[in-house]
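Chemist: To start, I am sharing the structure in question, which I have written as structure tokens.
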Amino acid sequence: MQTTHLFQPQPHIPLWLKYTVWAAILIISFIIENLTNLKVASLFFVSILLILFALGQYVYGQNLGFTFTETHFQQHLFKGGWVLHWTNMKRIDECKYDFQGWCTPIPWIGIEIKDYQSCIERMSPKIITQILLHQRSLLLLGLKQHGRQREFEDHVMKDPPYLLPSGKRLLGLQAMLAHRMAIQKELWGFDLFIAEGDLIKPKEEFIGMARRYLAASHSNQKITTKG
């Protein structure tokens with residue numbers, strides 16, 4: 001299947017606003033020069049240019065969203081991103097909160113994976129930290145669903161070494177993420193999650209697209225194995 005990018009639309013700044021900002025910067029620079037001297041005005045002008053350049057790089061220098069390829073799925077975040085190969089994904093579906101026998105969809109998509117090691121070891125410490133912080137509310141909701149709210153403090157920062165089936169031990173942030181994924185799997189049936197607010201298209205369409213890529217990947221794997 002062809003590679004598909006689903007990126008957040010970047011903000012469009014009207015041309016008149018750009019001219020207004022530049023005019024304001026020049027006017028303020030002239031005022032500063034008259035009140036002080038050219039050196040101070042130049043320093044102000046250069047500082048503003050550097051700030052605008054940094055903001056431009058922050059906003060326009062990266063694409064936020066998702067990439068679907070024949071081999072893997074990737075989420076792009078401000079601090080980097082994470083990658084999951086289709087061969088390491090069992091299923092993807094919407095999360096549902098079960099309250100007194102009533103199942104209510106919540107604004108999260110869950111992903112069940114096969115192997116923690118290949119997934120976690122590709123994540124940077126910044127991404128792991130972001131996932132741990134961003135999904136705390138989901139952990140609390142999952143515990144509440146099972147009447148285990150009092151366990152929240154035990155799981156939210158759980159960091160003992162995590163022993164993988166391969167015999168390798170994960171430490172530090174990697175261990176914390178592995179423990180978090182394990183308890184989330186117990187509570188929700190999924191290991192990784194995507195917030196609905198991060199999506200570019202409706203949740204149902206996003207899940208449908210992911211499932212098509214997942215099915216195609218499994219089909220290609222079977223053909224390769226037979227060959």
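Following the order of the structure tokens, chains are lettered A, B, ..., residues in each are numbered from 1, and ligands are numbered from 1.
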Could you pull the residues within 9 Å of segment 21-33 of chain A, counting only C-alpha atoms, minus those fewer than 5 positions along the same chain, as a list in words?

Modeler: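 My reading of the contact set: Trp16, Leu38, Lys39, Val40, Ala41, Ser42, Phe44, Phe45 and Ile48 of chain A.
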
Chemist: Using only C-alpha atoms, tabulate the residues of segment 8-122 of chain A lying at most 10 Å from any atom of segment 158-170 of chain A, each with its closest atom pair and that distance in Å to one decimal, by chain and increasing residue number, as a tab-separated table.

Modeler:
residue	atom	partner	partner_atom	distance
A:Asp115	CA	A:Pro165	CA	8.9
A:Tyr116	CA	A:Leu164	CA	7.7
A:Gln117	CA	A:Leu164	CA	7.3
A:Ile120	CA	A:Leu170	CA	9.3
A:Glu121	CA	A:Leu170	CA	9.1

Chemist: Could you list, as a PyMOL selection string, every residue within 10 Å of Leu138 of chain A, counting only C-alpha atoms and ignoring same-chain residues fewer than 6 positions away?

Modeler: chain A and resi 106-108+144+184+187-188+193+195

Chemist: Can you work out which one of A:Ile109, A:Ile128, A:Val156, A:Val46 has the shortest atom-to-atom distance to Leu143 of chain A, counting only C-alpha atoms?

Modeler: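 Among A:Ile109, A:Ile128, A:Val156, A:Val46, it is A:Val156 that comes nearest to Leu143 of chain A.
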
Chemist: Check the smallest atom-to-atom distance from each of A:Ala175, A:Thr20, A:Leu64, A:Gln100 to Gly147 of chain A using only C-alpha atoms, then report the winner.

Modeler: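 Looking only at the distances to Gly147 of chain A, the closest residue turns out to be A:Gln100.
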
Chemist: Between atom CA of Asn88 of chain A and atom CA of Cys119 of chain A, what is the distance, to one decimal in Å?

Modeler: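 So the answer is 8.2 Å.
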
Chemist: Nearest to His179 of chain A: which of A:Gln2, A:Leu132, A:Gly142, A:Ile200 is it, counting only C-alpha atoms?

Modeler: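 Among the listed residues, A:Leu132 lies closest to His179 of chain A.
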
Chemist: Compare A:His85, A:His146, A:Arg180, A:Lys79 by their minimum atom-to-atom distance to Leu192 of chain A, counting only C-alpha atoms, and give me the closest one.

Modeler: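 Checking each candidate against Leu192 of chain A, we get A:Arg180 as the closest.
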
Chemist: Counting only C-alpha atoms, which residue out of A:Gln130, A:Gln145, A:Gln135, A:Thr69 sits closest to Tyr97 of chain A?

Modeler: A:Gln145

Chemist: Do you have the atom CA of Lys90 of chain A-atom CA of Ile207 of chain A distance handy?

Modeler: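 For atom CA of Lys90 of chain A relative to atom CA of Ile207 of chain A, the distance reads 13.2 Å.
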
Chemist: Enumerate as a PyMOL selection string all residues of chain A assigned to alpha helix (DSSP H) by DSSP on the backbone, naming them with the chain letters and numbers the document uses.

Modeler: chain A and resi 15-35+38-60+116-120+125-134+136-145+152-156+172-188+203-226

Chemist: Between atom CA of His72 of chain A and atom CA of Leu84 of chain A, what is the spacing in Å?

Modeler: 5.6 Å

Chemist: Which residues, written as a ChimeraX atom specification, have at least one atom at most 12 Å from Ile131 of chain A, with only C-alpha atoms counted and residues fewer than 5 positions away on the same chain left out?

Modeler: /A:75,77,79-82,120,123-126,136-139,156,173-174,176-178,180-181,191-195

Chemist: Could you please take those selected residues and save N, CA and C atoms as an mmCIF file, in the first residue's frame?

Modeler:
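This is the output file selection.cif:
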data_model
loop_
_atom_site.group_PDB
_atom_site.id
_atom_site.type_symbol
_atom_site.label_atom_id
_atom_site.label_comp_id
_atom_site.auth_asym_id
_atom_site.auth_seq_id
_atom_site.Cartn_x
_atom_site.Cartn_y
_atom_site.Cartn_z
ATOM 1 N N GLN A 75 3.485 7.954 14.814
ATOM 2 C CA GLN A 75 2.868 9.197 15.274
ATOM 3 C C GLN A 75 3.957 10.240 15.444
ATOM 4 N N LEU A 77 5.061 13.781 16.984
ATOM 5 C CA LEU A 77 4.730 14.693 18.073
ATOM 6 C C LEU A 77 5.727 15.842 18.101
ATOM 7 N N LYS A 79 7.835 16.583 20.361
ATOM 8 C CA LYS A 79 9.125 16.170 20.907
ATOM 9 C C LYS A 79 9.726 14.980 20.174
ATOM 10 N N GLY A 80 9.174 14.643 19.028
ATOM 11 C CA GLY A 80 9.691 13.505 18.269
ATOM 12 C C GLY A 80 8.560 12.648 17.747
ATOM 13 N N GLY A 81 8.550 11.392 18.142
ATOM 14 C CA GLY A 81 7.498 10.497 17.685
ATOM 15 C C GLY A 81 7.816 9.064 18.071
ATOM 16 N N TRP A 82 6.896 8.187 17.768
ATOM 17 C CA TRP A 82 7.128 6.763 18.023
ATOM 18 C C TRP A 82 6.652 5.956 16.828
ATOM 19 N N ILE A 120 9.441 -0.133 22.723
ATOM 20 C CA ILE A 120 9.944 0.810 23.721
ATOM 21 C C ILE A 120 11.366 1.266 23.413
ATOM 22 N N MET A 123 11.845 4.388 21.350
ATOM 23 C CA MET A 123 11.321 5.662 21.847
ATOM 24 C C MET A 123 12.395 6.441 22.594
ATOM 25 N N SER A 124 12.415 7.744 22.382
ATOM 26 C CA SER A 124 13.347 8.606 23.109
ATOM 27 C C SER A 124 12.809 8.861 24.516
ATOM 28 N N PRO A 125 13.678 9.253 25.451
ATOM 29 C CA PRO A 125 13.209 9.571 26.808
ATOM 30 C C PRO A 125 12.132 10.656 26.826
ATOM 31 N N LYS A 126 12.230 11.641 25.927
ATOM 32 C CA LYS A 126 11.226 12.710 25.888
ATOM 33 C C LYS A 126 9.851 12.166 25.508
ATOM 34 N N ARG A 136 -1.956 9.709 32.065
ATOM 35 C CA ARG A 136 -2.261 9.474 33.481
ATOM 36 C C ARG A 136 -3.766 9.432 33.732
ATOM 37 N N SER A 137 -4.499 10.335 33.069
ATOM 38 C CA SER A 137 -5.949 10.369 33.264
ATOM 39 C C SER A 137 -6.602 9.076 32.791
ATOM 40 N N LEU A 138 -6.047 8.495 31.737
ATOM 41 C CA LEU A 138 -6.580 7.231 31.225
ATOM 42 C C LEU A 138 -6.319 6.102 32.219
ATOM 43 N N LEU A 139 -5.166 6.134 32.862
ATOM 44 C CA LEU A 139 -4.854 5.143 33.893
ATOM 45 C C LEU A 139 -5.841 5.247 35.051
ATOM 46 N N VAL A 156 1.211 4.865 38.872
ATOM 47 C CA VAL A 156 1.501 6.039 38.052
ATOM 48 C C VAL A 156 2.999 6.297 37.902
ATOM 49 N N LEU A 173 13.103 5.017 32.702
ATOM 50 C CA LEU A 173 11.891 5.413 31.994
ATOM 51 C C LEU A 173 11.322 4.276 31.156
ATOM 52 N N GLN A 174 12.202 3.477 30.570
ATOM 53 C CA GLN A 174 11.724 2.351 29.766
ATOM 54 C C GLN A 174 10.959 1.355 30.636
ATOM 55 N N MET A 176 9.390 2.129 33.429
ATOM 56 C CA MET A 176 8.139 2.786 33.811
ATOM 57 C C MET A 176 7.092 2.645 32.712
ATOM 58 N N LEU A 177 7.517 2.826 31.462
ATOM 59 C CA LEU A 177 6.571 2.701 30.353
ATOM 60 C C LEU A 177 6.085 1.260 30.210
ATOM 61 N N ALA A 178 6.984 0.299 30.375
ATOM 62 C CA ALA A 178 6.585 -1.105 30.269
ATOM 63 C C ALA A 178 5.570 -1.469 31.352
ATOM 64 N N ARG A 180 3.579 0.644 32.839
ATOM 65 C CA ARG A 180 2.342 1.363 32.512
ATOM 66 C C ARG A 180 1.564 0.628 31.417
ATOM 67 N N MET A 181 2.271 0.164 30.404
ATOM 68 C CA MET A 181 1.614 -0.567 29.324
ATOM 69 C C MET A 181 0.983 -1.856 29.847
ATOM 70 N N ASP A 191 -2.211 -1.592 24.951
ATOM 71 C CA ASP A 191 -0.918 -1.202 25.512
ATOM 72 C C ASP A 191 -0.566 0.257 25.237
ATOM 73 N N LEU A 192 -0.827 0.708 24.023
ATOM 74 C CA LEU A 192 -0.552 2.083 23.615
ATOM 75 C C LEU A 192 -1.859 2.770 23.246
ATOM 76 N N PHE A 193 -1.852 4.102 23.365
ATOM 77 C CA PHE A 193 -3.097 4.835 23.125
ATOM 78 C C PHE A 193 -2.831 6.108 22.330
ATOM 79 N N ILE A 194 -3.844 6.495 21.570
ATOM 80 C CA ILE A 194 -3.804 7.736 20.805
ATOM 81 C C ILE A 194 -5.029 8.551 21.194
ATOM 82 N N ALA A 195 -4.813 9.788 21.589
ATOM 83 C CA ALA A 195 -5.927 10.656 21.965
ATOM 84 C C ALA A 195 -6.697 11.084 20.716
#

Chemist: Running DSSP on the backbone, which parts of segment 76-223 of chain A land in strand (DSSP E), as a PyMOL selection string?

Modeler: chain A and resi 76-77+80-85+89-99+102-113+162-163+169-170+192-195
